$ cat target_35.txt   # compact mmCIF, N, CA and C atoms and all ligand atoms
# COMPACT_ATOMS: atom_id res chain seq x y z
N MET A 1 57.36 86.93 55.36
CA MET A 1 58.70 87.14 55.93
C MET A 1 59.56 85.88 55.75
N ASP A 2 60.75 86.10 55.29
CA ASP A 2 61.70 85.00 55.11
C ASP A 2 62.05 84.45 56.50
N ASP A 3 61.83 83.17 56.64
CA ASP A 3 62.02 82.59 57.97
C ASP A 3 63.08 81.50 57.93
N ARG A 4 64.32 81.93 57.77
CA ARG A 4 65.39 80.93 57.64
C ARG A 4 65.72 80.27 58.98
N ILE A 5 65.46 80.99 60.03
CA ILE A 5 65.69 80.38 61.35
C ILE A 5 64.38 79.77 61.84
N SER A 6 64.39 78.50 62.06
CA SER A 6 63.16 77.84 62.51
C SER A 6 62.79 78.32 63.90
N LYS A 7 61.54 78.12 64.24
CA LYS A 7 61.07 78.53 65.57
C LYS A 7 61.88 77.87 66.68
N GLU A 8 62.18 76.59 66.47
CA GLU A 8 62.91 75.85 67.52
C GLU A 8 64.30 76.46 67.72
N LYS A 9 64.95 76.74 66.60
CA LYS A 9 66.29 77.30 66.66
C LYS A 9 66.25 78.66 67.35
N ARG A 10 65.23 79.41 66.99
CA ARG A 10 65.09 80.75 67.53
C ARG A 10 64.90 80.71 69.05
N SER A 11 64.03 79.82 69.51
CA SER A 11 63.80 79.79 70.95
C SER A 11 65.01 79.21 71.67
N TRP A 12 65.76 78.35 70.95
CA TRP A 12 67.00 77.86 71.54
C TRP A 12 68.00 79.00 71.70
N ASN A 13 68.10 79.82 70.65
CA ASN A 13 68.97 81.00 70.72
C ASN A 13 68.58 81.89 71.88
N MET A 14 67.26 82.11 72.01
CA MET A 14 66.78 83.01 73.06
C MET A 14 67.08 82.46 74.44
N SER A 15 66.91 81.15 74.59
CA SER A 15 67.18 80.59 75.92
C SER A 15 68.67 80.69 76.25
N ARG A 16 69.49 80.60 75.21
CA ARG A 16 70.94 80.77 75.43
C ARG A 16 71.26 82.18 75.89
N ILE A 17 70.63 83.14 75.23
CA ILE A 17 70.86 84.54 75.57
C ILE A 17 70.41 84.80 77.00
N LYS A 18 69.23 84.26 77.34
CA LYS A 18 68.72 84.46 78.69
C LYS A 18 69.59 83.76 79.73
N GLY A 19 70.16 82.62 79.35
CA GLY A 19 71.05 81.91 80.25
C GLY A 19 72.28 82.73 80.58
N LYS A 20 72.78 83.41 79.57
CA LYS A 20 73.94 84.27 79.75
C LYS A 20 73.61 85.41 80.71
N GLU A 21 72.41 85.95 80.54
CA GLU A 21 71.97 87.04 81.40
C GLU A 21 71.84 86.56 82.84
N ASN A 22 71.32 85.34 83.01
CA ASN A 22 71.20 84.79 84.36
C ASN A 22 72.55 84.62 85.03
N ALA A 23 73.52 84.15 84.27
CA ALA A 23 74.86 83.95 84.83
C ALA A 23 75.43 85.28 85.35
N LEU A 24 75.14 86.33 84.61
CA LEU A 24 75.59 87.68 84.99
C LEU A 24 74.91 88.13 86.28
N GLU A 25 73.59 87.89 86.34
CA GLU A 25 72.83 88.25 87.54
C GLU A 25 73.40 87.54 88.77
N ILE A 26 73.70 86.26 88.59
CA ILE A 26 74.21 85.47 89.71
C ILE A 26 75.53 86.04 90.21
N LYS A 27 76.38 86.44 89.26
CA LYS A 27 77.68 87.02 89.61
C LYS A 27 77.49 88.31 90.43
N VAL A 28 76.56 89.14 89.98
CA VAL A 28 76.29 90.40 90.68
C VAL A 28 75.71 90.11 92.07
N ARG A 29 74.77 89.17 92.14
CA ARG A 29 74.16 88.83 93.44
C ARG A 29 75.21 88.32 94.43
N LYS A 30 76.09 87.45 93.94
CA LYS A 30 77.12 86.89 94.81
C LYS A 30 77.99 87.98 95.39
N TYR A 31 78.37 88.91 94.53
CA TYR A 31 79.21 90.03 94.96
C TYR A 31 78.51 90.82 96.06
N LEU A 32 77.23 91.14 95.83
CA LEU A 32 76.48 91.91 96.82
C LEU A 32 76.36 91.14 98.13
N TRP A 33 76.09 89.84 98.00
CA TRP A 33 75.94 88.99 99.19
C TRP A 33 77.23 89.00 100.02
N HIS A 34 78.35 88.85 99.33
CA HIS A 34 79.65 88.85 100.02
C HIS A 34 79.96 90.18 100.68
N HIS A 35 79.33 91.23 100.16
CA HIS A 35 79.54 92.54 100.76
C HIS A 35 78.45 92.89 101.77
N GLY A 36 77.71 91.90 102.16
CA GLY A 36 76.79 92.08 103.29
C GLY A 36 75.38 92.54 102.93
N TYR A 37 75.08 92.63 101.65
CA TYR A 37 73.73 93.08 101.28
C TYR A 37 72.80 91.88 101.18
N ARG A 38 71.58 92.07 101.69
CA ARG A 38 70.58 91.03 101.62
C ARG A 38 69.44 91.49 100.73
N TYR A 39 68.97 90.59 99.92
CA TYR A 39 68.04 91.00 98.86
C TYR A 39 67.05 89.89 98.54
N ARG A 40 66.05 90.26 97.77
CA ARG A 40 65.18 89.26 97.17
C ARG A 40 65.51 89.20 95.70
N LYS A 41 65.40 88.01 95.12
CA LYS A 41 65.70 87.90 93.69
C LYS A 41 64.43 87.58 92.89
N ASN A 42 64.41 88.07 91.67
CA ASN A 42 63.25 87.87 90.78
C ASN A 42 61.95 88.10 91.53
N TYR A 43 61.87 89.26 92.13
CA TYR A 43 60.80 89.57 93.06
C TYR A 43 59.49 89.84 92.31
N SER A 44 58.62 88.84 92.30
CA SER A 44 57.44 88.91 91.43
C SER A 44 56.35 89.84 91.93
N LYS A 45 56.49 90.34 93.16
CA LYS A 45 55.48 91.27 93.66
C LYS A 45 55.64 92.66 93.06
N LEU A 46 56.77 92.92 92.42
CA LEU A 46 57.01 94.25 91.87
C LEU A 46 56.99 94.23 90.33
N PRO A 47 56.65 95.38 89.72
CA PRO A 47 56.62 95.46 88.26
C PRO A 47 57.96 95.05 87.65
N GLY A 48 57.89 94.21 86.63
CA GLY A 48 59.10 93.80 85.93
C GLY A 48 59.86 92.68 86.63
N LYS A 49 59.31 92.17 87.75
CA LYS A 49 59.95 91.08 88.48
C LYS A 49 61.46 91.33 88.59
N PRO A 50 61.83 92.39 89.31
CA PRO A 50 63.25 92.82 89.31
C PRO A 50 64.22 91.72 89.74
N ASP A 51 65.40 91.73 89.12
CA ASP A 51 66.43 90.73 89.38
C ASP A 51 66.86 90.74 90.84
N ILE A 52 67.05 91.95 91.37
CA ILE A 52 67.55 92.11 92.74
C ILE A 52 66.76 93.25 93.40
N VAL A 53 66.23 93.00 94.58
CA VAL A 53 65.54 94.06 95.32
C VAL A 53 66.05 94.10 96.75
N LEU A 54 66.59 95.25 97.14
CA LEU A 54 66.96 95.46 98.54
C LEU A 54 65.70 96.03 99.19
N THR A 55 64.83 95.13 99.62
CA THR A 55 63.48 95.52 100.05
C THR A 55 63.51 96.54 101.18
N LYS A 56 64.40 96.30 102.14
CA LYS A 56 64.49 97.18 103.30
C LYS A 56 64.81 98.62 102.89
N HIS A 57 65.59 98.76 101.87
CA HIS A 57 66.04 100.09 101.45
C HIS A 57 65.31 100.62 100.22
N MET A 58 64.32 99.89 99.73
CA MET A 58 63.53 100.31 98.56
C MET A 58 64.42 100.58 97.34
N ILE A 59 65.37 99.66 97.12
CA ILE A 59 66.25 99.80 95.96
C ILE A 59 66.09 98.57 95.06
N VAL A 60 65.91 98.86 93.78
CA VAL A 60 65.75 97.80 92.79
C VAL A 60 66.95 97.83 91.85
N ILE A 61 67.49 96.66 91.55
CA ILE A 61 68.62 96.59 90.61
C ILE A 61 68.27 95.64 89.46
N PHE A 62 68.35 96.16 88.25
CA PHE A 62 68.20 95.32 87.08
C PHE A 62 69.58 95.05 86.50
N VAL A 63 69.86 93.78 86.21
CA VAL A 63 71.09 93.43 85.51
C VAL A 63 70.68 93.10 84.09
N ASN A 64 71.00 93.98 83.17
CA ASN A 64 70.50 93.85 81.80
C ASN A 64 71.53 93.33 80.82
N GLY A 65 71.16 92.28 80.09
CA GLY A 65 71.96 91.85 78.95
C GLY A 65 71.79 92.87 77.83
N CYS A 66 72.90 93.26 77.20
CA CYS A 66 72.85 94.35 76.22
C CYS A 66 72.08 93.95 74.96
N PHE A 67 72.22 92.71 74.56
CA PHE A 67 71.51 92.26 73.36
C PHE A 67 70.01 92.28 73.61
N TRP A 68 69.61 91.62 74.65
CA TRP A 68 68.20 91.46 74.96
C TRP A 68 67.48 92.78 75.17
N HIS A 69 68.14 93.70 75.84
CA HIS A 69 67.51 94.99 76.16
C HIS A 69 67.94 96.08 75.18
N HIS A 70 68.59 95.65 74.10
CA HIS A 70 68.99 96.51 73.00
C HIS A 70 69.69 97.78 73.48
N HIS A 71 70.72 97.56 74.29
CA HIS A 71 71.52 98.67 74.79
C HIS A 71 72.24 99.35 73.64
N ASP A 72 72.48 100.66 73.79
CA ASP A 72 73.17 101.43 72.77
C ASP A 72 74.68 101.22 72.89
N CYS A 73 75.11 100.01 72.59
CA CYS A 73 76.54 99.67 72.65
C CYS A 73 76.79 98.55 71.64
N GLN A 74 78.04 98.11 71.55
CA GLN A 74 78.36 97.08 70.55
C GLN A 74 77.61 95.77 70.76
N LEU A 75 77.45 95.39 72.02
CA LEU A 75 76.75 94.12 72.30
C LEU A 75 75.27 94.20 71.98
N GLY A 76 74.76 95.43 71.89
CA GLY A 76 73.33 95.60 71.63
C GLY A 76 72.98 95.73 70.16
N SER A 77 73.89 95.33 69.29
CA SER A 77 73.67 95.53 67.86
C SER A 77 72.56 94.64 67.32
N MET A 78 72.00 95.05 66.21
CA MET A 78 70.89 94.34 65.58
C MET A 78 71.38 93.10 64.82
N PRO A 79 70.74 91.95 65.02
CA PRO A 79 71.13 90.76 64.24
C PRO A 79 70.91 91.01 62.75
N LYS A 80 71.67 90.30 61.92
CA LYS A 80 71.60 90.56 60.48
C LYS A 80 70.45 89.82 59.81
N SER A 81 69.97 88.75 60.43
CA SER A 81 68.82 88.07 59.85
C SER A 81 67.60 88.25 60.76
N ASN A 82 66.43 88.03 60.19
CA ASN A 82 65.16 88.19 60.93
C ASN A 82 65.04 89.57 61.58
N VAL A 83 65.45 90.57 60.83
CA VAL A 83 65.54 91.92 61.37
C VAL A 83 64.21 92.42 61.91
N GLU A 84 63.14 92.17 61.13
CA GLU A 84 61.82 92.64 61.57
C GLU A 84 61.41 92.03 62.89
N PHE A 85 61.64 90.73 62.99
CA PHE A 85 61.31 90.02 64.22
C PHE A 85 62.04 90.63 65.41
N TRP A 86 63.34 90.83 65.25
CA TRP A 86 64.15 91.36 66.36
C TRP A 86 63.80 92.80 66.68
N GLN A 87 63.50 93.57 65.62
CA GLN A 87 63.16 94.97 65.85
C GLN A 87 61.94 95.10 66.76
N SER A 88 60.89 94.32 66.45
CA SER A 88 59.68 94.45 67.26
C SER A 88 59.90 93.87 68.65
N LYS A 89 60.71 92.80 68.70
CA LYS A 89 61.04 92.19 69.99
C LYS A 89 61.78 93.20 70.89
N PHE A 90 62.81 93.82 70.31
CA PHE A 90 63.60 94.79 71.08
C PHE A 90 62.76 95.97 71.52
N GLN A 91 61.90 96.42 70.61
CA GLN A 91 61.06 97.56 70.93
C GLN A 91 60.15 97.25 72.12
N ARG A 92 59.57 96.06 72.07
CA ARG A 92 58.71 95.63 73.19
C ARG A 92 59.51 95.56 74.49
N ASN A 93 60.69 94.97 74.42
CA ASN A 93 61.52 94.86 75.62
C ASN A 93 61.84 96.23 76.21
N ARG A 94 62.21 97.14 75.33
CA ARG A 94 62.58 98.48 75.81
C ARG A 94 61.39 99.22 76.38
N GLU A 95 60.25 99.07 75.74
CA GLU A 95 59.03 99.71 76.26
C GLU A 95 58.67 99.16 77.64
N ASN A 96 58.79 97.84 77.76
CA ASN A 96 58.52 97.21 79.06
C ASN A 96 59.48 97.71 80.13
N ASP A 97 60.76 97.78 79.78
CA ASP A 97 61.77 98.25 80.74
C ASP A 97 61.39 99.63 81.27
N LEU A 98 61.04 100.50 80.34
CA LEU A 98 60.72 101.89 80.70
C LEU A 98 59.47 101.95 81.58
N LYS A 99 58.47 101.21 81.17
CA LYS A 99 57.20 101.17 81.92
C LYS A 99 57.45 100.67 83.35
N ASN A 100 58.26 99.63 83.47
CA ASN A 100 58.55 99.07 84.79
C ASN A 100 59.28 100.08 85.67
N ILE A 101 60.24 100.77 85.09
CA ILE A 101 61.02 101.75 85.86
C ILE A 101 60.09 102.86 86.38
N ILE A 102 59.23 103.33 85.50
CA ILE A 102 58.30 104.40 85.90
C ILE A 102 57.39 103.92 87.03
N GLU A 103 56.85 102.71 86.88
CA GLU A 103 55.96 102.17 87.92
C GLU A 103 56.68 101.99 89.25
N LEU A 104 57.91 101.49 89.17
CA LEU A 104 58.69 101.27 90.40
C LEU A 104 58.98 102.59 91.10
N GLU A 105 59.33 103.59 90.32
CA GLU A 105 59.63 104.90 90.91
C GLU A 105 58.38 105.51 91.54
N GLN A 106 57.24 105.27 90.90
CA GLN A 106 55.98 105.76 91.47
C GLN A 106 55.67 105.08 92.81
N LEU A 107 56.13 103.85 92.94
CA LEU A 107 55.94 103.12 94.20
C LEU A 107 56.97 103.53 95.26
N GLY A 108 57.91 104.38 94.87
CA GLY A 108 58.89 104.88 95.83
C GLY A 108 60.23 104.16 95.79
N TYR A 109 60.43 103.30 94.79
CA TYR A 109 61.71 102.59 94.69
C TYR A 109 62.72 103.38 93.87
N ALA A 110 63.97 103.29 94.26
CA ALA A 110 65.05 103.80 93.43
C ALA A 110 65.48 102.66 92.52
N VAL A 111 65.67 102.96 91.25
CA VAL A 111 65.99 101.92 90.28
C VAL A 111 67.39 102.12 89.71
N ILE A 112 68.20 101.07 89.80
CA ILE A 112 69.55 101.10 89.23
C ILE A 112 69.63 100.03 88.14
N THR A 113 70.13 100.40 86.98
CA THR A 113 70.33 99.41 85.91
C THR A 113 71.82 99.19 85.71
N VAL A 114 72.23 97.94 85.78
CA VAL A 114 73.63 97.58 85.53
C VAL A 114 73.67 96.84 84.19
N TRP A 115 74.53 97.30 83.30
CA TRP A 115 74.60 96.73 81.95
C TRP A 115 75.72 95.72 81.81
N GLU A 116 75.43 94.71 81.00
CA GLU A 116 76.39 93.64 80.70
C GLU A 116 77.74 94.20 80.23
N CYS A 117 77.70 95.20 79.33
CA CYS A 117 78.97 95.73 78.78
C CYS A 117 79.81 96.39 79.87
N GLU A 118 79.15 97.04 80.83
CA GLU A 118 79.88 97.69 81.92
C GLU A 118 80.57 96.63 82.80
N LEU A 119 79.86 95.53 83.03
CA LEU A 119 80.41 94.46 83.86
C LEU A 119 81.54 93.74 83.14
N GLN A 120 81.38 93.61 81.82
CA GLN A 120 82.43 92.94 81.04
C GLN A 120 83.71 93.77 81.00
N LYS A 121 83.53 95.06 80.91
CA LYS A 121 84.67 95.96 80.79
C LYS A 121 85.54 95.91 82.05
N ASP A 122 84.91 96.03 83.20
CA ASP A 122 85.64 96.01 84.46
C ASP A 122 84.66 95.69 85.59
N PHE A 123 84.54 94.41 85.87
CA PHE A 123 83.53 93.96 86.84
C PHE A 123 83.72 94.60 88.21
N GLU A 124 84.95 94.55 88.70
CA GLU A 124 85.23 95.08 90.04
C GLU A 124 84.89 96.57 90.14
N LYS A 125 85.26 97.29 89.11
CA LYS A 125 85.04 98.73 89.10
C LYS A 125 83.54 99.05 89.07
N ARG A 126 82.82 98.33 88.22
CA ARG A 126 81.37 98.58 88.12
C ARG A 126 80.68 98.23 89.43
N MET A 127 81.13 97.14 90.06
CA MET A 127 80.50 96.72 91.31
C MET A 127 80.83 97.69 92.44
N ALA A 128 82.06 98.20 92.44
CA ALA A 128 82.42 99.19 93.46
C ALA A 128 81.54 100.42 93.30
N PHE A 129 81.30 100.80 92.07
CA PHE A 129 80.44 101.96 91.80
C PHE A 129 79.00 101.66 92.19
N LEU A 130 78.57 100.45 91.93
CA LEU A 130 77.20 100.05 92.32
C LEU A 130 77.02 100.18 93.83
N ILE A 131 78.03 99.73 94.57
CA ILE A 131 77.95 99.82 96.03
C ILE A 131 77.93 101.27 96.48
N ASP A 132 78.69 102.12 95.82
CA ASP A 132 78.62 103.56 96.11
C ASP A 132 77.20 104.09 95.90
N GLU A 133 76.60 103.68 94.78
CA GLU A 133 75.23 104.12 94.47
C GLU A 133 74.26 103.65 95.56
N ILE A 134 74.40 102.39 95.94
CA ILE A 134 73.52 101.82 96.97
C ILE A 134 73.69 102.56 98.29
N GLU A 135 74.95 102.77 98.67
CA GLU A 135 75.22 103.45 99.94
C GLU A 135 74.68 104.88 99.96
N TYR A 136 74.83 105.53 98.83
CA TYR A 136 74.29 106.89 98.70
C TYR A 136 72.78 106.89 98.94
N LEU A 137 72.10 105.94 98.30
CA LEU A 137 70.64 105.87 98.42
C LEU A 137 70.21 105.51 99.84
N ILE A 138 70.95 104.60 100.47
CA ILE A 138 70.62 104.21 101.84
C ILE A 138 70.77 105.41 102.78
N ASN A 139 71.88 106.14 102.63
CA ASN A 139 72.10 107.32 103.48
C ASN A 139 71.05 108.37 103.24
N ARG A 140 70.68 108.55 101.99
CA ARG A 140 69.67 109.55 101.66
C ARG A 140 68.33 109.15 102.27
N ASN A 141 67.97 107.88 102.18
CA ASN A 141 66.72 107.41 102.76
C ASN A 141 66.68 107.63 104.27
N GLU A 142 67.84 107.40 104.89
CA GLU A 142 67.88 107.53 106.35
C GLU A 142 67.73 108.97 106.80
N MET A 143 68.13 109.89 105.94
CA MET A 143 68.03 111.30 106.30
C MET A 143 66.62 111.85 106.09
N LEU A 144 65.82 111.16 105.29
CA LEU A 144 64.47 111.66 105.01
C LEU A 144 63.54 111.49 106.21
ZN ZN B 1 75.82 97.54 76.63
$ encode --input "target_35.txt" --output "structure tokens"
Amino acid sequence: MDDRISKEKRSWNMSRIKGKENALEIKVRKYLWHHGYRYRKNYSKLPGKPDIVLTKHMIVIFVNGCFWHHHDCQLGSMPKSNVEFWQSKFQRNRENDLKNIIELEQLGYAVITVWECELQKDFEKRMAFLIDEIEYLINRNEML
């Protein structure tokens, strides 16, 4: 395989991408915190170490970077170099995502995924919708 990008460069790129994803997570967490929600972050006791867990309400929220999780949108497009490397990487990431969601649901958690592109398009609107989703789930849980 043609390896024009050195390993160091590649891991530097990856850490940059992950840094961007973290910044997004922080923004979402802050919003939820200001709206009175209390959560655990990067909760390692659950499959996939979810970004945000409203433990009391059994709700898990993943904030996904579109590139990293290979979302079906413009930001999730395939890089033009090292295609094979990225293809297998993305496939693994997507398989993991799916496996984690299934396991979490089996444990009784509701799983919400918030995508980077949705937040970029209209942060306030996406967050308002997220809160609607959370409130719906909380009310539903209370009625059970
Ligand atoms: Zn996207």
$ residues_near_ligand --input "target_35.txt" --ligand "ligand ZN 1 (chain B)" --cutoff "5 Å" --atoms "only N, CA and C atoms and all ligand atoms" --output "list of chain:residue names"
A:Cys66, A:His71, A:Cys73, A:Cys117
$ residues_around --input "target_35.txt" --residues "stretch 118-130 of chain A" --least-positions-apart "5" --cutoff "10 Å" --atoms "only C-alpha atoms" --output "list in words"
Leu24, Lys27, Val28, Tyr31, Leu32, Ile61, Val63, Cys66, Ile112, Thr113, Glu135 and Tyr136 of chain A
$ closest_residue --input "target_35.txt" --among "A:Leu104, A:Leu98, A:Ile138, A:Val111" --to "A:Phe62" --atoms "all atoms listed in the file"
A:Val111
$ select_by_dssp --input "target_35.txt" --residues "chain A" --states "strand (DSSP E or B)" --output "list in words"
Arg40, Lys41, Ile52, Val53, Leu54, Ile59, Val60, Ile61, Phe62, Val63, Asn64, Ala110, Val111, Ile112, Thr113, Val114 and Trp115 of chain A
$ atom_distance --input "target_35.txt" --atom1 "atom CA of A:Leu75" --atom2 "atom CA of A:Glu21"
12.5 Å
$ select_by_dssp --input "target_35.txt" --residues "stretch 18-119 of chain A" --states "alpha helix (DSSP H)" --output "number ranges by chain"
A: 18-34, 83-106, 116-119
$ residues_around --input "target_35.txt" --residues "stretch 44-60 of chain A" --least-positions-apart "3" --cutoff "6 Å" --atoms "all atoms listed in the file" --output "list in words"
Arg38, Tyr39, Arg40, Lys41, Val63, Asn100, Gly108, Tyr109, Ala110, Val111 and Ile112 of chain A
$ closest_residue --input "target_35.txt" --among "A:Arg140, A:Lys80, A:His34, A:Lys20" --to "A:Gly65" --atoms "only C-alpha atoms"
A:Lys20
$ atom_distance --input "target_35.txt" --atom1 "atom CA of A:His69" --atom2 "atom CA of A:Trp86"
11.0 Å
$ residues_around --input "target_35.txt" --residues "stretch 91-95 of chain A" --least-positions-apart "2" --cutoff "8 Å" --atoms "only C-alpha atoms" --output "list of chain:residue names"
A:Trp68, A:His69, A:His70, A:Gln87, A:Ser88, A:Lys89, A:Asp97, A:Leu98, A:Lys99
$ atom_distance --input "target_35.txt" --atom1 "atom C of A:Trp115" --atom2 "atom C of A:Gly76"
12.0 Å
